[in-house]
>>> print(open('upload.csv').read())   # CSV, C-alpha atoms
chain,number,residue,atom,x,y,z
H,278,MET,CA,9.9,-11.2,10.3
H,279,LEU,CA,10.5,-7.6,11.2
H,280,LEU,CA,14.1,-6.6,11.4
H,281,SER,CA,15.3,-3.7,13.5
H,282,ALA,CA,18.7,-1.9,13.4
H,283,ASP,CA,19.9,1.2,15.2
H,284,VAL,CA,22.8,3.5,14.0
H,285,ASP,CA,23.5,6.9,15.6
H,286,GLY,CA,20.0,7.5,16.8
H,287,VAL,CA,18.3,6.3,13.6
H,288,ARG,CA,16.3,3.1,13.7
H,289,THR,CA,15.6,1.1,10.5
H,290,LEU,CA,12.6,-1.3,10.5
H,291,THR,CA,12.7,-3.8,7.6
H,292,LEU,CA,9.7,-5.8,6.6
H,293,ASN,CA,11.3,-9.1,6.0
H,294,ARG,CA,9.0,-11.4,4.0
H,295,ALA,CA,10.8,-11.1,0.7
H,296,ASP,CA,9.3,-14.3,-0.8
H,297,ARG,CA,5.8,-12.6,-0.5
H,298,LYS,CA,7.1,-9.1,-1.5
H,299,ASN,CA,6.8,-8.2,2.2
H,300,ALA,CA,3.0,-8.8,2.3
H,301,MET,CA,1.7,-8.1,5.8
H,302,ASN,CA,0.5,-11.2,7.6
H,303,PRO,CA,-1.0,-11.1,11.2
H,304,GLN,CA,2.4,-11.6,12.9
H,305,LEU,CA,4.0,-8.9,10.9
H,306,TRP,CA,1.2,-6.4,11.7
H,307,LEU,CA,1.6,-7.1,15.4
H,308,GLU,CA,5.4,-6.9,15.3
H,309,LEU,CA,5.2,-3.6,13.4
H,310,ALA,CA,2.7,-2.1,15.9
H,311,ASP,CA,4.9,-3.2,18.8
H,312,ALA,CA,8.0,-1.8,17.2
H,313,LEU,CA,6.3,1.6,16.6
H,314,ARG,CA,5.1,1.8,20.1
H,315,ALA,CA,8.6,0.9,21.4
H,316,ALA,CA,10.0,3.7,19.2
H,317,ALA,CA,7.7,6.2,20.8
H,318,ARG,CA,9.0,5.2,24.2
H,319,ASP,CA,12.7,5.4,23.2
H,320,ARG,CA,14.1,8.8,24.3
H,321,GLU,CA,17.4,8.1,22.4
H,322,LEU,CA,15.7,7.7,19.0
H,323,ARG,CA,16.0,10.6,16.6
H,324,ALA,CA,14.6,9.3,13.3
H,325,LEU,CA,12.9,6.2,11.9
H,326,VAL,CA,13.2,4.5,8.5
H,327,ILE,CA,10.7,1.9,7.3
H,328,THR,CA,11.7,-0.3,4.3
H,329,GLY,CA,11.3,-3.7,2.8
H,330,ALA,CA,13.6,-6.6,2.1
H,331,GLY,CA,14.3,-8.2,-1.3
H,332,GLY,CA,13.7,-5.4,-3.6
H,333,ALA,CA,10.1,-4.6,-2.6
H,334,PHE,CA,8.6,-2.3,-0.1
H,335,CYS,CA,5.3,-4.0,0.7
H,336,SER,CA,2.7,-5.6,-1.5
H,337,GLY,CA,-0.1,-4.9,1.0
H,338,ALA,CA,-2.0,-7.3,3.4
H,339,ASP,CA,-1.4,-11.0,2.8
H,340,ILE,CA,-5.0,-12.0,1.8
H,341,SER,CA,-3.8,-15.6,1.4
H,342,THR,CA,-3.5,-16.0,5.1
H,343,ALA,CA,-6.8,-17.5,6.5
H,344,GLU,CA,-8.0,-16.4,9.9
H,345,ASP,CA,-11.1,-17.4,11.8
H,346,ILE,CA,-11.7,-14.0,13.3
H,347,HIS,CA,-14.1,-11.2,12.7
H,348,PRO,CA,-12.9,-8.7,10.0
H,349,LYS,CA,-13.2,-5.9,12.5
H,350,ASP,CA,-10.5,-7.6,14.6
H,351,LYS,CA,-8.3,-7.8,11.5
H,352,LEU,CA,-8.7,-4.1,10.8
H,353,ARG,CA,-7.9,-3.3,14.4
H,354,ARG,CA,-4.3,-4.4,13.8
H,355,LEU,CA,-4.1,-2.0,10.9
H,356,THR,CA,-5.6,0.8,12.9
H,357,GLU,CA,-3.0,0.3,15.6
H,358,VAL,CA,-0.1,0.5,13.1
H,359,ALA,CA,-1.5,3.6,11.3
H,360,LEU,CA,-2.1,5.5,14.6
H,361,ALA,CA,1.3,4.5,16.1
H,362,LEU,CA,3.1,5.7,13.0
H,363,HIS,CA,1.1,9.0,12.7
H,364,GLU,CA,1.6,9.8,16.4
H,365,LEU,CA,5.3,9.1,16.4
H,366,THR,CA,7.1,12.4,17.2
H,367,VAL,CA,10.4,11.6,15.5
H,368,PRO,CA,10.6,12.1,11.7
H,369,THR,CA,9.9,9.0,9.7
H,370,ILE,CA,11.1,8.0,6.2
H,371,ALA,CA,9.7,5.3,3.9
H,372,LYS,CA,12.5,3.9,1.7
H,373,VAL,CA,10.6,2.4,-1.2
H,374,THR,CA,12.1,0.0,-3.7
H,375,GLY,CA,9.9,-2.2,-6.0
H,376,VAL,CA,6.2,-2.3,-5.2
H,377,ALA,CA,4.2,-0.4,-2.6
H,378,VAL,CA,0.6,-1.7,-3.0
H,379,GLY,CA,-2.6,-1.2,-1.0
H,380,ALA,CA,-2.0,-1.0,2.7
H,381,GLY,CA,1.7,-1.1,1.8
H,382,TRP,CA,1.5,2.1,-0.1
H,383,ASN,CA,-0.5,3.7,2.7
H,384,LEU,CA,2.1,2.6,5.1
H,385,ALA,CA,4.7,4.6,3.1
H,386,LEU,CA,2.3,7.6,2.8
H,387,GLY,CA,2.0,7.5,6.6
H,388,CYS,CA,5.6,8.4,6.9
H,389,ASP,CA,6.8,12.0,6.8
H,390,PHE,CA,9.0,11.5,3.8
H,391,VAL,CA,8.9,8.9,0.9
H,392,VAL,CA,12.1,8.2,-1.0
H,393,ALA,CA,11.7,5.8,-4.0
H,394,THR,CA,13.7,4.4,-6.9
H,395,PRO,CA,12.7,5.0,-10.5
H,396,GLU,CA,11.6,1.3,-10.6
H,397,SER,CA,9.1,1.7,-7.8
H,398,ARG,CA,5.5,1.1,-8.6
H,399,PHE,CA,2.5,2.2,-6.6
H,400,CYS,CA,-1.2,1.1,-6.6
H,401,GLN,CA,-4.2,1.5,-4.4
H,402,ILE,CA,-5.3,-2.0,-5.3
H,403,PHE,CA,-8.2,-2.4,-3.0
H,404,SER,CA,-11.1,-2.2,-5.6
H,405,LYS,CA,-9.4,-4.9,-7.6
H,406,ARG,CA,-9.7,-7.2,-4.6
H,407,GLY,CA,-13.3,-6.2,-3.9
H,408,LEU,CA,-12.3,-4.1,-0.9
H,409,SER,CA,-12.4,-0.5,0.2
H,410,VAL,CA,-9.3,1.6,1.0
H,411,ASP,CA,-7.7,1.1,4.5
H,412,LEU,CA,-4.7,1.9,6.6
H,413,GLY,CA,-5.6,5.6,6.6
H,414,GLY,CA,-5.7,6.0,2.9
H,415,SER,CA,-9.1,7.6,2.9
H,416,TRP,CA,-7.6,10.3,5.2
H,417,LEU,CA,-4.1,10.6,3.7
H,418,LEU,CA,-4.8,10.7,0.0
H,419,PRO,CA,-7.3,13.6,-0.2
H,420,LYS,CA,-4.9,15.7,2.0
H,421,LEU,CA,-1.9,14.9,-0.3
H,422,VAL,CA,-3.5,15.0,-3.8
H,423,GLY,CA,-7.0,16.5,-3.4
H,424,LEU,CA,-10.3,14.7,-3.5
H,425,GLN,CA,-10.6,14.1,-7.3
H,426,GLN,CA,-7.1,12.6,-7.7
H,427,ALA,CA,-7.6,10.5,-4.6
H,428,LYS,CA,-10.8,9.1,-6.1
H,429,ARG,CA,-8.9,8.4,-9.3
H,430,LEU,CA,-6.2,6.4,-7.5
H,431,VAL,CA,-8.6,4.5,-5.3
H,432,LEU,CA,-11.6,3.8,-7.5
H,433,LEU,CA,-9.6,2.9,-10.7
H,434,ALA,CA,-6.7,1.2,-8.8
H,435,GLU,CA,-4.3,2.4,-11.4
H,436,THR,CA,-0.6,1.6,-11.1
H,437,ILE,CA,1.6,4.6,-11.3
H,438,ASP,CA,5.4,4.9,-11.4
H,439,ALA,CA,7.7,6.8,-9.1
H,440,GLU,CA,8.0,9.9,-11.2
H,441,GLU,CA,4.2,10.3,-11.5
H,442,ALA,CA,3.9,9.7,-7.8
H,443,ARG,CA,6.5,12.4,-7.2
H,444,SER,CA,4.8,14.9,-9.5
H,445,MET,CA,1.5,14.3,-7.5
H,446,GLY,CA,3.3,14.9,-4.1
H,447,LEU,CA,3.1,11.2,-3.1
H,448,VAL,CA,6.9,10.7,-3.3
H,449,THR,CA,9.3,13.3,-1.8
H,450,TRP,CA,12.4,12.2,-3.7
H,451,VAL,CA,13.3,9.7,-6.5
H,452,ARG,CA,16.8,8.4,-6.4
H,453,PRO,CA,18.6,5.6,-8.4
H,454,ALA,CA,18.7,2.2,-6.8
H,455,ASP,CA,22.4,2.4,-6.3
H,456,GLU,CA,22.1,5.7,-4.5
H,457,ILE,CA,19.0,5.4,-2.4
H,458,ASP,CA,20.7,3.8,0.6
H,459,ALA,CA,23.2,6.6,0.9
H,460,PHE,CA,20.6,9.2,0.3
H,461,VAL,CA,18.3,7.9,3.0
H,462,SER,CA,21.2,7.5,5.4
H,463,ASP,CA,22.2,11.1,4.9
H,464,LEU,CA,18.6,12.3,5.2
H,465,ALA,CA,18.0,10.4,8.4
H,466,GLY,CA,21.3,11.6,9.8
H,467,ARG,CA,20.4,15.3,9.1
H,468,LEU,CA,17.0,14.8,10.7
H,469,ALA,CA,18.6,13.1,13.7
H,470,ALA,CA,21.0,16.0,14.2
H,471,GLY,CA,18.2,18.5,14.4
H,472,PRO,CA,16.6,19.9,17.6
H,473,ALA,CA,14.5,16.9,18.8
H,474,VAL,CA,12.0,18.9,20.9
H,475,ALA,CA,11.4,21.7,18.4
H,476,ARG,CA,11.2,19.2,15.6
H,477,ALA,CA,8.6,17.1,17.4
H,478,GLN,CA,6.6,20.3,18.1
H,479,SER,CA,6.7,21.3,14.5
H,480,LYS,CA,5.7,17.9,13.3
H,481,GLY,CA,2.7,17.8,15.6
H,482,LEU,CA,1.7,21.3,14.6
H,483,LEU,CA,1.8,20.5,10.9
H,484,ASN,CA,-0.3,17.3,11.5
H,485,ASP,CA,-2.8,19.1,13.6
H,486,GLY,CA,-2.8,22.2,11.4
H,487,ALA,CA,-4.2,20.2,8.4
H,488,ASN,CA,-7.5,20.0,10.2
H,489,ALA,CA,-7.4,23.3,12.1
H,490,THR,CA,-8.6,26.8,11.4
H,491,LEU,CA,-6.0,29.5,11.2
H,492,ARG,CA,-7.0,30.7,14.7
H,493,GLU,CA,-6.6,27.2,16.1
H,494,ALA,CA,-3.3,26.8,14.4
H,495,LEU,CA,-1.9,30.1,15.7
H,496,ALA,CA,-3.1,29.2,19.3
H,497,ASN,CA,-1.3,25.8,19.0
H,498,GLU,CA,1.9,27.5,17.8
H,499,ALA,CA,1.7,30.0,20.7
H,500,ARG,CA,1.4,27.1,23.2
H,501,ALA,CA,4.3,25.1,21.6
H,502,GLN,CA,7.0,27.8,21.2
H,503,PRO,CA,7.6,28.5,24.9
H,504,GLY,CA,8.6,24.9,25.4
H,505,ASN,CA,11.3,25.3,22.8
H,506,PHE,CA,12.8,28.3,24.5
H,507,ALA,CA,13.0,26.2,27.7
H,508,THR,CA,15.5,23.8,26.1
H,509,ALA,CA,19.2,24.2,25.7
H,510,ASP,CA,18.7,23.8,21.9
H,511,SER,CA,17.4,27.4,21.5
H,512,THR,CA,20.4,28.9,23.3
H,513,GLU,CA,22.8,26.6,21.3
H,514,ALA,CA,21.3,27.6,18.0
H,515,TYR,CA,21.8,31.3,18.7
H,516,ALA,CA,25.3,30.7,19.9
H,517,ALA,CA,26.2,28.6,16.9
H,518,PHE,CA,24.9,31.3,14.6
H,519,ALA,CA,27.0,34.0,16.3
H,520,GLU,CA,30.1,31.8,16.2
H,521,LYS,CA,29.5,30.7,12.6
H,522,ARG,CA,29.4,27.0,13.3
H,523,GLU,CA,26.9,24.1,13.2
H,524,PRO,CA,24.8,23.7,16.3
H,525,VAL,CA,24.9,20.6,18.4
H,526,PHE,CA,21.4,19.9,19.7
H,527,THR,CA,20.8,17.7,22.7
H,528,GLY,CA,17.1,18.4,23.6
H,529,ARG,CA,18.2,19.0,27.2
H,530,TRP,CA,15.7,20.9,29.4
H,531,ALA,CA,17.4,24.1,30.5
H,532,VAL,CA,15.0,25.6,33.0
H,533,ALA,CA,16.4,25.7,36.5
H,534,PRO,CA,14.5,23.4,38.9
H,535,ARG,CA,12.3,25.1,41.5
H,536,SER,CA,13.7,25.4,45.0
H,537,GLU,CA,11.2,24.5,47.8
>>> encode(input="upload.csv", output="structure tokens")
Amino acid sequence: MLLSADVDGVRTLTLNRADRKNAMNPQLWLELADALRAAARDRELRALVITGAGGAFCSGADISTAEDIHPKDKLRRLTEVALALHELTVPTIAKVTGVAVGAGWNLALGCDFVVATPESRFCQIFSKRGLSVDLGGSWLLPKLVGLQQAKRLVLLAETIDAEEARSMGLVTWVRPADEIDAFVSDLAGRLAAGPAVARAQSKGLLNDGANATLREALANEARAQPGNFATADSTEAYAAFAEKREPVFTGRWAVAPRSE
């Protein structure tokens, strides 16, 4: 039910339950968590795209699937997905067509970038189902739109379109349906061509900086930067600038090994 395809260091994970608008059932939650953990271990991976099949992104958790387990165990599957996605060091892109609802929308928001079509629709549907927000929405939304707008989206469960979501900072780019594949492919390719070590450092610093004081953020930056200078990418970037060409980043560690 989860499709995976790799091209030039970019992995695309496709939620493949088109008949249910890619609603997440127990199997799909487990497959997605496993795929994200595998991505974290793959040293050749440079960028990750998450999308849905059949003209929808994800209509949320499939509440029609009955399970005789405690709700806390159900939520543990969501927690594993949210954390694995957040902690992934490579850049992530949500390619959204159609609906992104409930946990499906928060799955998209957990990515570093969200690209949507004008036809896309978004809803924090939880309260309409008698449920509270999950998959990290209570953490993500206030950071992205502020507390008041987060309460509006969650408590009223309003459906908004792609352009309103973009104006609120919940969608990074809106592209026509016939252009979105090429746009995301180009975006992922540009991210994959970047300096993997420095980019991972920056992503981690930005994620941590959202909850840090300025003093803590500066200390984190000071610890991270020396590691970048120890890669071949730093030297390559300076050489490419001097030679007026595009750099070729490898992420290779350039410090000579110690001799005993």
>>> atom_distance(input="upload.csv", atom1="CA of Asn299 (chain H)", atom2="CA of Arg320 (chain H)")
28.8 Å
>>> closest_residue(input="upload.csv", among="H:Ala324, H:Ala494, H:Ile346, H:Leu447", to="Gly387 (chain H)", atoms="only C-alpha atoms")
H:Leu447
>>> residues_near_point(input="upload.csv", point="(18.5, 8.9, 15.3)", cutoff="7 Å", atoms="only C-alpha atoms", output="PyMOL selection string")
chain H and resi 285-288+322-324+466+469
>>> residues_around(input="upload.csv", residues="Ala427 (chain H)", least_positions_apart="2", cutoff="10 Å", atoms="all atoms listed in the file", output="PyMOL selection string")
chain H and resi 401+414-425+429-433
>>> residues_near_point(input="upload.csv", point="(7.3, 24.7, 21.0)", cutoff="10 Å", atoms="only C-alpha atoms", output="ChimeraX atom specification")
/H:474-479,481-482,497-508
>>> write_last_selection(input="upload.csv", atoms="C-alpha atoms", output="PDB file, in the coordinates of the input")
ATOM      1  CA  VAL H 474      12.000  18.900  20.900  1.00  0.00           C
ATOM      2  CA  ALA H 475      11.400  21.700  18.400  1.00  0.00           C
ATOM      3  CA  ARG H 476      11.200  19.200  15.600  1.00  0.00           C
ATOM      4  CA  ALA H 477       8.600  17.100  17.400  1.00  0.00           C
ATOM      5  CA  GLN H 478       6.600  20.300  18.100  1.00  0.00           C
ATOM      6  CA  SER H 479       6.700  21.300  14.500  1.00  0.00           C
ATOM      7  CA  GLY H 481       2.700  17.800  15.600  1.00  0.00           C
ATOM      8  CA  LEU H 482       1.700  21.300  14.600  1.00  0.00           C
ATOM      9  CA  ASN H 497      -1.300  25.800  19.000  1.00  0.00           C
ATOM     10  CA  GLU H 498       1.900  27.500  17.800  1.00  0.00           C
ATOM     11  CA  ALA H 499       1.700  30.000  20.700  1.00  0.00           C
ATOM     12  CA  ARG H 500       1.400  27.100  23.200  1.00  0.00           C
ATOM     13  CA  ALA H 501       4.300  25.100  21.600  1.00  0.00           C
ATOM     14  CA  GLN H 502       7.000  27.800  21.200  1.00  0.00           C
ATOM     15  CA  PRO H 503       7.600  28.500  24.900  1.00  0.00           C
ATOM     16  CA  GLY H 504       8.600  24.900  25.400  1.00  0.00           C
ATOM     17  CA  ASN H 505      11.300  25.300  22.800  1.00  0.00           C
ATOM     18  CA  PHE H 506      12.800  28.300  24.500  1.00  0.00           C
ATOM     19  CA  ALA H 507      13.000  26.200  27.700  1.00  0.00           C
ATOM     20  CA  THR H 508      15.500  23.800  26.100  1.00  0.00           C
TER      21      THR H 508
END
>>> residues_around(input="upload.csv", residues="region 338-345 of chain H", least_positions_apart="4", cutoff="6 Å", atoms="all atoms listed in the file", output="ChimeraX atom specification")
/H:300-302
>>> write_last_selection(input="upload.csv", atoms="C-alpha atoms", output="mmCIF file, keeping the file's coordinate frame")
data_model
loop_
_atom_site.group_PDB
_atom_site.id
_atom_site.type_symbol
_atom_site.label_atom_id
_atom_site.label_comp_id
_atom_site.auth_asym_id
_atom_site.auth_seq_id
_atom_site.Cartn_x
_atom_site.Cartn_y
_atom_site.Cartn_z
ATOM 1 C CA ALA H 300 3.000 -8.800 2.300
ATOM 2 C CA MET H 301 1.700 -8.100 5.800
ATOM 3 C CA ASN H 302 0.500 -11.200 7.600
#
>>> atom_distance(input="upload.csv", atom1="CA of Leu483 (chain H)", atom2="CA of Phe334 (chain H)")
26.2 Å
>>> residues_around(input="upload.csv", residues="Leu365 (chain H)", least_positions_apart="5", cutoff="8 Å", atoms="only C-alpha atoms", output="ChimeraX atom specification")
/H:313,316-317
>>> closest_residue(input="upload.csv", among="H:Thr436, H:Ser281, H:Ser462, H:Thr366", to="Trp382 (chain H)", atoms="only C-alpha atoms")
H:Thr436
>>> closest_residue(input="upload.csv", among="H:Arg492, H:Arg529, H:His363, H:Lys428", to="Pro472 (chain H)", atoms="all atoms listed in the file")
H:Arg529
>>> residues_around(input="upload.csv", residues="Val391 (chain H)", least_positions_apart="5", cutoff="8 Å", atoms="only C-alpha atoms", output="PyMOL selection string")
chain H and resi 370-373+385-386+447-450
>>> atom_distance(input="upload.csv", atom1="CA of Pro395 (chain H)", atom2="CA of Val378 (chain H)")
15.7 Å
